[in-house]
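my_file-v5.txt (compact mmCIF, C-alpha atoms and all ligand atoms)
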```txt
# COMPACT_ATOMS: atom_id res chain seq x y z
CA MET J 1 114.31 -28.76 130.78
CA LYS J 2 110.61 -29.27 131.38
CA PRO J 3 108.71 -30.90 128.50
CA PRO J 4 106.47 -28.43 126.68
CA ARG J 5 102.89 -28.36 127.95
CA PRO J 6 100.37 -29.80 125.50
CA ALA J 7 98.47 -27.19 123.52
CA GLY J 8 95.33 -26.06 125.31
CA PHE J 9 96.56 -27.13 128.72
CA SER J 10 97.79 -23.78 129.90
CA SER J 11 94.78 -21.88 128.60
CA TYR J 12 92.49 -24.38 130.34
CA GLN J 13 94.35 -24.03 133.63
CA ARG J 14 94.42 -20.25 133.24
CA LEU J 15 90.65 -20.13 132.70
CA SER J 16 90.17 -22.48 135.64
CA LEU J 17 92.22 -20.22 137.89
CA LYS J 18 90.61 -17.01 136.69
CA THR J 19 87.10 -18.40 137.19
CA LEU J 20 87.88 -19.72 140.65
CA GLU J 21 89.46 -16.49 141.92
CA PHE J 22 86.73 -14.35 140.39
CA ALA J 23 83.97 -16.48 141.92
CA LEU J 24 85.50 -16.46 145.38
CA SER J 25 86.14 -12.72 145.41
CA GLU J 26 83.24 -11.25 143.39
CA VAL J 27 80.26 -13.58 143.68
CA PRO J 28 78.22 -13.42 146.89
CA GLY J 29 77.02 -17.04 146.66
CA TYR J 30 80.62 -18.25 147.11
CA ALA J 31 81.56 -16.05 150.07
CA ALA J 32 81.14 -19.01 152.43
CA TRP J 33 83.51 -21.08 150.27
CA ARG J 34 86.53 -18.79 150.77
CA ARG J 35 87.50 -20.57 153.96
CA PHE J 36 88.02 -23.83 152.04
CA ASP J 37 90.44 -22.30 149.51
CA PRO J 38 94.07 -23.23 150.29
CA GLY J 39 95.16 -20.09 148.39
CA ALA J 40 97.52 -19.18 145.57
CA ALA J 41 100.37 -21.37 146.85
CA ALA J 42 98.36 -24.50 146.02
CA SER J 43 97.90 -25.83 142.48
CA VAL J 44 94.72 -24.97 140.60
CA ASP J 45 93.53 -28.56 140.75
CA ASP J 46 94.13 -28.75 144.50
CA ARG J 47 92.25 -25.50 145.03
CA TYR J 48 89.26 -26.84 143.12
CA ALA J 49 89.40 -30.16 144.94
CA ALA J 50 89.26 -28.38 148.32
CA LEU J 51 85.95 -26.68 147.49
CA PRO J 52 82.47 -28.13 148.09
CA ALA J 53 80.12 -29.03 145.26
CA LEU J 54 77.34 -26.69 144.18
CA SER J 55 73.85 -28.15 144.26
CA LYS J 56 70.47 -27.14 142.93
CA ARG J 57 69.46 -26.35 146.50
CA GLU J 58 72.07 -23.56 146.71
CA LEU J 59 71.04 -22.22 143.30
CA ARG J 60 67.48 -22.06 144.57
CA GLU J 61 68.36 -20.49 147.90
CA HIS J 62 70.48 -17.72 146.36
CA PHE J 63 68.18 -16.90 143.44
CA PRO J 64 68.18 -14.45 141.79
CA ALA J 65 71.33 -12.43 142.56
CA GLY J 66 73.48 -14.86 144.58
CA PHE J 67 75.55 -16.12 141.65
CA VAL J 68 75.60 -12.88 139.68
CA PRO J 69 78.94 -11.01 140.07
CA SER J 70 78.55 -8.15 142.54
CA GLN J 71 79.43 -5.43 139.99
CA ARG J 72 76.60 -6.46 137.65
CA GLU J 73 73.07 -5.23 138.06
CA LEU J 74 70.25 -7.58 137.24
CA GLY J 75 67.59 -4.90 136.66
CA PRO J 76 69.31 -3.20 133.71
CA GLY J 77 70.50 -6.60 132.36
CA LEU J 78 66.94 -7.88 132.31
CA ALA J 79 65.61 -4.64 130.81
CA ALA J 80 68.21 -4.74 128.03
CA GLY J 81 67.41 -8.37 127.28
CA GLU J 82 70.97 -9.44 128.08
CA VAL J 83 69.64 -11.91 130.61
CA GLU J 84 66.34 -13.52 131.44
CA PHE J 85 65.06 -15.74 134.23
CA ALA J 86 64.94 -19.35 133.10
CA HIS J 87 63.38 -22.34 134.78
CA THR J 88 65.15 -25.64 134.36
CA SER J 89 63.19 -28.77 133.61
CA GLY J 90 64.46 -30.90 136.46
CA SER J 91 63.16 -34.41 136.02
CA THR J 92 62.84 -34.92 139.77
CA GLU J 93 61.37 -32.36 142.17
CA ASP J 94 64.42 -30.18 141.69
CA ARG J 95 63.35 -27.53 139.25
CA VAL J 96 65.54 -24.46 139.53
CA ALA J 97 65.14 -20.85 138.47
CA LEU J 98 68.31 -19.16 137.26
CA VAL J 99 69.73 -16.15 135.48
CA PHE J 100 70.13 -17.12 131.84
CA ASN J 101 72.33 -15.34 129.34
CA PRO J 102 71.39 -16.38 125.77
CA ALA J 103 74.63 -15.08 124.19
CA TRP J 104 76.68 -17.28 126.53
CA TRP J 105 74.48 -20.29 125.77
CA GLU J 106 74.87 -19.85 122.02
CA ALA J 107 78.65 -19.48 122.28
CA SER J 108 78.85 -22.66 124.33
CA GLU J 109 76.67 -24.51 121.81
CA ARG J 110 78.76 -23.26 118.90
CA ALA J 111 81.97 -24.49 120.53
CA ALA J 112 80.37 -27.88 121.18
CA TRP J 113 79.50 -28.27 117.48
CA GLY J 114 83.23 -28.19 116.77
CA LEU J 115 83.54 -31.50 118.62
CA ASN J 116 81.64 -33.48 115.98
CA ARG J 117 82.52 -33.58 112.28
CA HIS J 118 78.89 -33.83 111.13
CA ALA J 119 77.78 -31.00 113.40
CA ARG J 120 80.62 -28.81 112.18
CA ARG J 121 79.45 -29.32 108.60
CA VAL J 122 75.73 -28.84 109.19
CA ALA J 123 75.45 -26.41 112.09
CA ASP J 124 76.36 -22.79 111.50
CA GLY J 125 73.93 -21.07 113.87
CA ARG J 126 71.52 -20.27 111.04
CA HIS J 127 70.51 -23.84 110.14
CA ARG J 128 66.88 -24.84 110.48
CA GLU J 129 66.24 -27.21 113.34
CA VAL J 130 63.16 -29.10 114.48
CA VAL J 131 62.84 -29.95 118.16
CA LEU J 132 60.82 -32.91 119.39
CA ALA J 133 60.72 -32.99 123.18
CA SER J 134 58.45 -32.24 126.11
CA PRO J 135 56.75 -28.85 125.65
CA ARG J 136 57.46 -28.24 129.34
CA CYS J 137 61.23 -28.42 128.66
CA VAL J 138 61.67 -26.27 125.55
CA GLY J 139 59.97 -23.97 123.10
CA PRO J 140 57.05 -21.62 123.72
CA GLY J 141 55.85 -23.67 126.70
CA PHE J 142 52.95 -26.01 127.21
CA SER J 143 49.56 -24.77 126.08
CA ALA J 144 46.29 -26.66 126.46
CA LYS J 145 45.05 -24.91 123.31
CA PRO J 146 46.97 -25.98 120.16
CA LEU J 147 49.51 -23.41 118.96
CA SER J 148 50.10 -22.52 115.32
CA VAL J 149 53.37 -23.26 113.53
CA ALA J 150 54.18 -19.53 113.75
CA GLU J 151 53.64 -19.59 117.51
CA ARG J 152 55.96 -22.57 117.80
CA THR J 153 58.71 -21.17 115.62
CA ILE J 154 61.36 -19.32 117.62
CA GLY J 155 64.36 -18.12 115.65
CA ARG J 156 65.64 -21.03 113.57
CA HIS J 157 63.81 -23.64 115.72
CA LEU J 158 60.42 -25.23 115.17
CA TYR J 159 58.98 -27.06 118.19
CA VAL J 160 56.62 -29.68 116.81
CA ASN J 161 55.36 -31.54 119.87
CA GLN J 162 52.53 -30.06 121.93
CA LYS J 163 51.66 -32.91 124.26
CA ILE J 164 53.11 -34.30 127.43
CA ASN J 165 53.81 -38.02 127.15
CA PRO J 166 54.02 -39.51 123.64
CA ALA J 167 51.38 -42.07 124.65
CA THR J 168 48.79 -39.29 124.33
CA TRP J 169 49.56 -38.62 120.65
CA ASN J 170 46.70 -39.62 118.37
CA ALA J 171 47.01 -40.43 114.66
CA ALA J 172 46.29 -36.81 113.73
CA ASP J 173 49.13 -35.60 115.98
CA ILE J 174 51.59 -37.92 114.22
CA ARG J 175 50.40 -36.78 110.77
CA ARG J 176 50.59 -33.11 111.79
CA MET J 177 54.12 -33.40 113.22
CA ALA J 178 55.36 -35.36 110.19
CA ALA J 179 53.80 -32.82 107.80
CA GLU J 180 55.35 -29.92 109.72
CA ILE J 181 58.78 -31.54 109.67
CA ASN J 182 58.49 -32.22 105.94
CA ALA J 183 57.39 -28.65 105.22
CA TYR J 184 60.14 -27.13 107.38
CA GLY J 185 62.87 -29.33 105.87
CA PRO J 186 65.27 -29.03 108.82
CA LEU J 187 68.99 -29.70 108.48
CA ALA J 188 69.05 -30.88 112.08
CA LEU J 189 66.54 -32.54 114.35
CA GLU J 190 66.90 -32.30 118.12
CA GLY J 191 65.05 -34.78 120.26
CA ASP J 192 64.47 -36.21 123.66
CA PRO J 193 65.20 -39.88 122.86
CA ALA J 194 61.99 -41.05 124.58
CA TYR J 195 59.84 -38.71 122.47
CA LEU J 196 61.78 -39.14 119.24
CA ALA J 197 61.74 -42.96 119.50
CA ALA J 198 57.99 -42.99 120.16
CA PHE J 199 57.51 -40.75 117.13
CA ALA J 200 59.72 -43.04 115.02
CA ARG J 201 57.68 -46.10 116.10
CA ARG J 202 54.43 -44.43 115.10
CA VAL J 203 55.80 -43.13 111.79
CA CYS J 204 57.00 -46.64 111.02
CA GLU J 205 53.62 -48.22 111.87
CA SER J 206 51.66 -45.73 109.79
CA GLY J 207 54.02 -45.87 106.81
CA ILE J 208 54.33 -42.07 106.71
CA ASP J 209 57.15 -40.61 104.59
CA ILE J 210 59.38 -38.35 106.60
CA CYS J 211 62.11 -36.06 105.33
CA GLN J 212 65.67 -36.90 106.38
CA PRO J 213 67.60 -34.27 108.34
CA ARG J 214 71.38 -34.41 108.03
CA LEU J 215 71.98 -34.68 111.73
CA ILE J 216 70.10 -35.71 114.87
CA PHE J 217 71.03 -34.35 118.28
CA LEU J 218 69.89 -36.42 121.24
CA THR J 219 69.62 -34.57 124.49
CA TYR J 220 67.34 -34.07 127.56
CA SER J 221 67.55 -37.66 128.79
CA TYR J 222 69.40 -40.97 128.69
CA PRO J 223 69.43 -42.50 125.17
CA SER J 224 68.30 -46.09 125.71
CA ARG J 225 69.66 -48.66 123.27
CA LEU J 226 66.03 -49.40 122.39
CA TYR J 227 65.38 -45.77 121.50
CA LEU J 228 68.53 -45.52 119.38
CA ARG J 229 67.45 -48.60 117.45
CA GLN J 230 63.91 -47.29 116.87
CA ILE J 231 65.12 -43.85 115.78
CA GLY J 232 67.68 -45.47 113.46
CA LYS J 233 64.94 -47.45 111.70
CA VAL J 234 63.29 -44.26 110.48
CA PHE J 235 66.10 -41.72 110.30
CA SER J 236 69.35 -42.29 108.44
CA ALA J 237 71.24 -39.27 109.84
CA PRO J 238 74.03 -39.73 112.38
CA LEU J 239 72.73 -39.71 115.98
CA VAL J 240 74.83 -37.41 118.15
CA SER J 241 74.50 -37.12 121.93
CA SER J 242 74.80 -33.57 123.15
CA TYR J 243 75.20 -33.32 126.90
CA GLY J 244 74.77 -30.37 129.22
CA SER J 245 72.22 -28.46 131.25
CA THR J 246 70.64 -25.04 131.54
CA GLU J 247 73.00 -24.30 134.45
CA THR J 248 76.20 -25.35 132.67
CA GLY J 249 75.67 -24.93 128.92
CA HIS J 250 77.11 -27.60 126.62
CA VAL J 251 79.52 -29.80 128.55
CA PHE J 252 80.15 -32.85 126.33
CA MET J 253 79.51 -33.62 122.68
CA GLU J 254 79.67 -37.05 121.08
CA CYS J 255 82.22 -37.12 118.27
CA GLU J 256 81.82 -39.02 115.01
CA ALA J 257 83.65 -41.96 116.63
CA GLY J 258 81.04 -42.22 119.38
CA ARG J 259 82.97 -40.85 122.36
CA LEU J 260 81.93 -37.84 124.43
CA HIS J 261 84.46 -34.99 124.37
CA GLN J 262 84.57 -32.19 126.92
CA ASN J 263 83.73 -28.69 125.70
CA SER J 264 86.97 -27.46 127.31
CA GLU J 265 86.81 -23.94 125.95
CA HIS J 266 83.63 -23.38 127.92
CA CYS J 267 83.87 -25.47 131.03
CA ARG J 268 86.05 -27.25 133.50
CA VAL J 269 84.95 -30.72 134.56
CA ASP J 270 86.10 -32.37 137.78
CA PHE J 271 85.46 -36.09 137.87
CA VAL J 272 84.79 -37.64 141.29
CA PRO J 273 85.26 -41.40 141.01
CA TRP J 274 82.94 -43.78 142.79
CA LEU J 275 84.22 -46.55 145.04
CA SER J 276 85.39 -49.62 143.14
CA ARG J 277 82.53 -51.80 144.41
CA HIS J 278 80.13 -49.39 142.68
CA GLY J 279 82.07 -49.27 139.40
CA GLY J 280 84.80 -46.74 140.24
CA PRO J 281 87.29 -45.43 139.42
CA ARG J 282 86.02 -45.23 135.84
CA ARG J 283 82.49 -44.51 137.00
CA GLY J 284 81.79 -41.32 138.91
CA ARG J 285 80.05 -37.99 139.13
CA LEU J 286 80.76 -34.75 137.29
CA LEU J 287 81.29 -31.34 138.84
CA VAL J 288 81.09 -28.64 136.19
CA THR J 289 82.61 -25.16 136.33
CA VAL J 290 81.48 -22.71 133.65
CA PHE J 291 84.17 -20.45 132.14
CA ARG J 292 82.59 -17.74 130.04
CA ASN J 293 79.30 -16.69 131.51
CA PRO J 294 79.63 -13.06 132.65
CA TRP J 295 76.22 -13.10 134.35
CA PHE J 296 75.93 -16.35 136.24
CA VAL J 297 78.98 -17.92 137.84
CA VAL J 298 78.80 -21.67 138.24
CA LEU J 299 81.56 -23.45 140.13
CA ARG J 300 81.68 -27.22 140.73
CA PHE J 301 78.02 -27.77 139.92
CA ASP J 302 76.92 -31.35 140.53
CA ILE J 303 75.12 -31.99 137.29
CA GLY J 304 73.47 -35.09 138.72
CA ASP J 305 74.40 -37.75 136.18
CA VAL J 306 76.62 -40.81 136.30
CA ALA J 307 79.59 -40.69 133.92
CA ARG J 308 81.91 -43.44 132.68
CA LEU J 309 85.41 -42.38 131.67
CA ASP J 310 86.79 -43.66 128.41
CA ASP J 311 90.03 -45.57 128.92
CA ARG J 312 90.47 -46.97 125.42
CA GLY J 313 93.35 -44.65 124.59
CA PRO J 314 93.37 -41.82 122.03
CA CYS J 315 90.06 -41.31 120.24
CA PRO J 316 90.08 -42.31 116.55
CA CYS J 317 88.62 -38.86 115.74
CA GLY J 318 92.00 -37.37 116.65
CA ARG J 319 90.70 -34.88 119.21
CA GLY J 320 92.82 -34.57 122.30
CA GLY J 321 92.71 -32.34 125.35
CA GLY J 322 89.82 -32.45 127.76
CA MET J 323 88.03 -35.31 129.39
CA VAL J 324 86.63 -38.12 127.25
CA LEU J 325 83.67 -40.20 128.37
CA GLU J 326 82.52 -43.53 127.08
CA ALA J 327 78.99 -42.88 128.28
CA ILE J 328 76.63 -41.02 130.52
CA GLU J 329 74.94 -43.84 132.44
CA GLY J 330 71.77 -42.04 133.47
CA ARG J 331 70.67 -39.92 136.42
CA ALA J 332 72.42 -40.38 139.75
CA ALA J 333 68.99 -40.16 141.39
CA ASP J 334 68.00 -43.22 139.34
CA VAL J 335 70.76 -45.42 140.78
CA THR J 336 69.52 -48.52 142.58
CA PHE J 337 71.39 -51.23 144.48
CA GLY J 338 71.82 -54.82 143.37
CA ARG J 339 72.01 -58.13 145.21
CA GLU J 340 75.45 -57.41 146.71
CA GLY J 341 74.64 -53.80 147.55
CA ASN J 342 76.53 -52.60 144.46
CA ALA J 343 75.28 -49.65 142.40
CA VAL J 344 73.08 -50.44 139.40
CA THR J 345 72.87 -47.57 136.92
CA VAL J 346 70.22 -46.95 134.29
CA ASP J 347 72.81 -48.05 131.73
CA ASP J 348 73.31 -51.37 133.57
CA LEU J 349 69.57 -52.02 133.45
CA ASP J 350 69.30 -50.93 129.83
CA ALA J 351 72.12 -53.29 128.85
CA ALA J 352 70.19 -56.14 130.53
CA LEU J 353 66.71 -55.32 129.22
CA ALA J 354 67.30 -53.90 125.72
CA PRO J 355 68.33 -57.24 124.14
CA ILE J 356 65.01 -58.90 125.12
CA ALA J 357 62.89 -59.44 122.02
CA GLY J 358 59.59 -57.56 122.06
CA ILE J 359 60.50 -54.78 124.51
CA MET J 360 60.14 -51.29 123.05
CA ALA J 361 60.51 -49.20 126.24
CA TRP J 362 60.92 -49.84 129.95
CA GLN J 363 60.58 -48.13 133.30
CA LEU J 364 61.22 -49.49 136.77
CA ASP J 365 59.39 -48.34 139.89
CA LEU J 366 60.77 -49.15 143.34
CA PRO J 367 58.08 -48.43 145.94
CA ALA J 368 60.46 -49.80 148.63
CA PRO J 369 63.96 -51.34 148.65
CA GLY J 370 63.73 -54.89 147.30
CA ASN J 371 60.31 -54.25 145.76
CA LEU J 372 60.47 -53.73 141.99
CA GLN J 373 57.74 -53.10 139.46
CA LEU J 374 58.84 -53.12 135.84
CA ARG J 375 56.64 -51.48 133.25
CA VAL J 376 57.29 -52.30 129.60
CA ILE J 377 55.81 -51.19 126.33
CA SER J 378 55.96 -54.31 124.22
CA GLU J 379 55.45 -55.29 120.61
CA PRO J 380 51.99 -56.74 119.90
CA GLY J 381 51.81 -60.44 120.78
CA ARG J 382 55.17 -60.52 122.62
CA SER J 383 54.11 -59.15 125.96
CA ARG J 384 54.17 -62.40 127.95
CA PRO J 385 57.57 -63.80 126.97
CA ALA J 386 59.10 -60.31 127.16
CA CYS J 387 57.83 -59.81 130.73
CA LEU J 388 58.98 -63.27 131.82
CA GLN J 389 62.47 -62.73 130.45
CA ALA J 390 62.71 -59.24 131.89
CA ARG J 391 61.76 -60.58 135.31
CA GLU J 392 64.53 -63.18 135.08
CA ARG J 393 67.11 -60.53 134.14
CA LEU J 394 66.06 -58.37 137.07
CA LYS J 395 66.29 -61.35 139.43
CA GLU J 396 69.91 -61.87 138.32
CA ILE J 397 70.65 -58.23 139.14
CA TYR J 398 68.63 -57.74 142.34
CA GLY J 399 68.73 -61.29 143.74
CA GLY J 400 66.19 -64.03 144.36
CA LYS J 401 64.79 -62.37 147.47
CA ALA J 402 63.65 -59.24 145.65
CA LYS J 403 59.94 -59.00 144.93
CA ILE J 404 59.77 -58.39 141.18
CA GLU J 405 56.75 -57.81 138.99
CA ALA J 406 56.81 -57.09 135.26
CA MET J 407 53.81 -55.86 133.34
CA THR J 408 52.99 -54.53 129.91
CA VAL J 409 51.50 -51.04 129.76
CA LYS J 410 50.36 -48.60 127.08
CA ALA J 411 52.19 -45.62 128.59
CA LEU J 412 55.21 -44.93 130.79
CA GLN J 413 54.82 -42.48 133.66
CA HIS J 414 56.25 -39.01 133.02
CA GLU J 415 57.52 -36.46 135.52
CA ALA J 416 55.95 -33.01 135.84
CA SER J 417 58.53 -31.78 133.31
CA GLY J 418 57.27 -34.30 130.75
CA LYS J 419 60.59 -36.14 130.93
CA PHE J 420 60.82 -39.82 131.74
CA ARG J 421 62.91 -41.34 134.47
CA PHE J 422 64.01 -44.91 133.87
CA THR J 423 64.02 -45.93 137.49
CA ARG J 424 62.02 -44.28 140.22
CA PRO J 425 62.96 -45.23 143.76
CA ALA J 426 60.23 -43.88 146.05
CA TYR J 427 62.58 -43.73 149.04
CA PRO J 428 65.60 -41.57 149.84
CA VAL J 429 69.01 -42.90 148.76
CA ASP J 430 72.31 -41.67 150.23
CA LEU J 431 74.19 -41.07 146.97
CA ALA J 432 77.31 -39.84 148.77
CA ALA J 433 77.86 -43.47 149.86
CA LEU J 434 78.85 -44.11 146.23
CA TRP J 435 82.07 -42.10 146.48
CA ARG J 436 82.63 -41.50 150.20
CA SER J 437 85.23 -43.91 151.50
CA LYS J 438 84.80 -45.43 154.93
CA ARG J 439 87.20 -44.04 157.48
ZN ZN J 501 86.47 -38.53 119.36
```
Whole structure, structure tokens version:
Amino acid sequence: MKPPRPAGFSSYQRLSLKTLEFALSEVPGYAAWRRFDPGAAASVDDRYAALPALSKRELREHFPAGFVPSQRELGPGLAAGEVEFAHTSGSTEDRVALVFNPAWWEASERAAWGLNRHARRVADGRHREVVLASPRCVGPGFSAKPLSVAERTIGRHLYVNQKINPATWNAADIRRMAAEINAYGPLALEGDPAYLAAFARRVCESGIDICQPRLIFLTYSYPSRLYLRQIGKVFSAPLVSSYGSTETGHVFMECEAGRLHQNSEHCRVDFVPWLSRHGGPRRGRLLVTVFRNPWFVVLRFDIGDVARLDDRGPCPCGRGGGMVLEAIEGRAADVTFGREGNAVTVDDLDAALAPIAGIMAWQLDLPAPGNLQLRVISEPGRSRPACLQARERLKEIYGGKAKIEAMTVKALQHEASGKFRFTRPAYPVDLAALWRSKR
């Protein structure tokens, strides 16, 4: 007799199969993929593995109707408000327009809340939430003229920040945002770690009293150890990483034990391990397939981040089923190469730089391979030793031959989206070399 399948397994495989067959037969954007499909005789996993990955380029090329099932009509969907066109806030040049279905997004978010005990208690879809992130990423959009609280309140969300780059906040901005948060009294606060940490630093310096939400969601970008520390100095609520994208919905949620659990009811995740010299097989890329979006069918989307699988055994939170990650290590586009030609992720660099006393934030520019310019925001009076130490750490990683400069600055450089990249190679990198084995 076969052992019984674990609960959830069969429904996950069934959804995987249904989504794959539907996409290949009903969605024009995947017509060219049919030739890769080994067909119903192969296992679901093998059928997925035989397909290419979906990139932002294809989403762009087939916009707007390419990934909408052929029996659905965009015109009436848009007119009825069932869907809208959304523009993602790509932090490189890869902004994408796509067909966005708010009901699907909310269902995916709701399922993700179930993966964290604190979120399950606090979040019910009606809870008040303040968002502190780039105005180009969320909310009513960037406006040069200040918007009123009413103009920045959408549903249960209040978007408090109106400026791009926290370095441009003046004392009045900090007071206004703190006063708005206190007046709104949110149960949850959602923040881009770079923005939220900068706000926490300024609140701390000015001695402003700030109300305590019961939960903080970190999303939009990599949560540096430095940022977590600074946010934790001001806010006592649990910090929970919520991971996903506009294309995929909510893909992973950090549980109360600190591990990232897959939102398996809403997506399939295929993990493509990197080569061992670059940190594989635990380190790799994520290809996300979305299960329950009737309007926009996403199969094997390369979400563009580096993931590290968790291999510490069952999670203390008790949740099983689905992939578990120890960390998201930053953007794949931000990967650089160390002295031996091995991959260096944003997380590797953060682990090396965050322990240095006096550093509050960092950013590394690479105008050319082997040429590194580190920018740090440092505590007053600690700039020199912090830069010297940081330079030494980078030499250990990139080798003695690398040309390394480290300087203190007032502001990090933001992307057009208002997000911050941690490393910015100014030259093309062949990322496929990370997982493609030599033949
Ligand atoms: Zn867990």
Margin query: I'd like to know which of J:Leu189, J:Ala179, J:Ala32, J:Leu226 is closest to Asp209 of chain J, using all atoms listed in the file.
Written below: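 Using all atoms listed in the file, Asp209 of chain J sits closest to J:Ala179.
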At most 7 Å from ligand ZN 501 (chain J) (all atoms listed in the file): residue list as a PyMOL selection string: chain J and resi 255-261+315-319
Quick one: pull the distance between atom CA of Ala433 of chain J and atom CA of Arg391 of chain J, Å, one decimal.
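Answer for the atom CA of Ala433 of chain J to atom CA of Arg391 of chain J separation: 27.6 Å.
Put simply, atom CA of Val290 of chain J is 8.9 Å away from atom CA of Ser16 of chain J.
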message = For a quick check of understanding, using only C-alpha atoms, which of J:Asp124, J:Glu26, J:Glu340, J:Glu58 has the smallest distance to Val96 of chain J?
response =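 Of J:Asp124, J:Glu26, J:Glu340, J:Glu58, the one nearest Val96 of chain J, counting only C-alpha atoms, is J:Glu58.
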Asn342 of chain J proximity check over J:Arg268, J:Arg421, J:Arg277, J:Lys410, using only C-alpha atoms: winner is J:Arg277
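Relative to atom CA of Gly418 of chain J, atom CA of Gln363 of chain J is found at 14.4 Å.
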- Task: Kindly indicate which residue among J:Ile377, J:Leu431, J:Val251, J:Val27 lies nearest to His278 of chain J, using only C-alpha atoms for the distances.
- Result: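 Checking each of J:Ile377, J:Leu431, J:Val251, J:Val27 against His278 of chain J, counting only C-alpha atoms, the winner is J:Leu431.
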- Query: Nearest to Ala183 of chain J: which of J:Val149, J:Ala42, J:Val203, J:Ala97 is it, counting all atoms listed in the file?
  - Reply: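 Of J:Val149, J:Ala42, J:Val203, J:Ala97, the one nearest Ala183 of chain J is J:Val149, counting all atoms listed in the file.
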Could you work out an axis-aligned bounding box for all listed atoms of segment 404-414 of chain J, with 3 Å added on each of the six sides, and give its centre and edge lengths in Å to one decimal, as AutoDock Vina command-line options?
```
--center_x 55.1 --center_y -48.7 --center_z 134.1 --size_x 15.4 --size_y 25.4 --size_z 20.1
```
For Ser148 of chain J, the closest of J:Met177, J:Ser383, J:Pro69, J:Pro166 counting only C-alpha atoms is J:Met177
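A distance cut-off of 10 Å around (68.0, -46.9, 123.1), counting all atoms listed in the file, selects these protein and nucleic acid residues: Pro193, Ala194, Ala197, Tyr222, Pro223, Ser224, Arg225, Leu226, Tyr227, Leu228, Arg229, Gln230, Ile231, Gly232, Asp347, Asp350, Ala351, Ala354, Met360 and Ala361 of chain J.
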Self-check item: Contact residues around Leu309 of chain J with only C-alpha atoms at 6 Å, ignoring same-chain residues under 3 positions, as a list in words
Solution: Arg282, Leu325 and Glu326 of chain J
Could the residues in this selection be saved with C-alpha atoms as a PDB file, in the frame of the given file?
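This is the output file part37.pdb:
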```pdb
ATOM      1  CA  ARG J 282      86.020 -45.230 135.840  1.00  0.00           C
ATOM      2  CA  LEU J 325      83.670 -40.200 128.370  1.00  0.00           C
ATOM      3  CA  GLU J 326      82.520 -43.530 127.080  1.00  0.00           C
TER       4      GLU J 326
END
```
Counting only C-alpha atoms, which residues sit no farther than 12 Å from the position (79.0, -11.4, 133.7) in the file's frame? I'd like them as number ranges by chain. J: 19, 22-23, 26-27, 65, 67-74, 77, 82-83, 99-101, 103-104, 290-298
If we count only C-alpha atoms, what is near Leu218 of chain J at a cut-off of 7 Å, once residues fewer than 3 positions away on the same chain are taken out, given as a ChimeraX atom specification?
/J:190-193,239-242
Would you output that residue set with C-alpha atoms, as a JSON list (two decimals), keeping the file's coordinate frame?
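Listed below is the output, selection.json:
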```
[["chain", "number", "residue", "atom", "x", "y", "z"],
["J", 190, "GLU", "CA", 66.90, -32.30, 118.12],
["J", 191, "GLY", "CA", 65.05, -34.78, 120.26],
["J", 192, "ASP", "CA", 64.47, -36.21, 123.66],
["J", 193, "PRO", "CA", 65.20, -39.88, 122.86],
["J", 239, "LEU", "CA", 72.73, -39.71, 115.98],
["J", 240, "VAL", "CA", 74.83, -37.41, 118.15],
["J", 241, "SER", "CA", 74.50, -37.12, 121.93],
["J", 242, "SER", "CA", 74.80, -33.57, 123.15]]
```
(Q) I want to know what sits within 7 Å of Ala368 of chain J, based on all atoms listed in the file, with residues of the same chain fewer than 3 positions away left out; could you give that as a PyMOL selection string? (A) chain J and resi 371+426-427
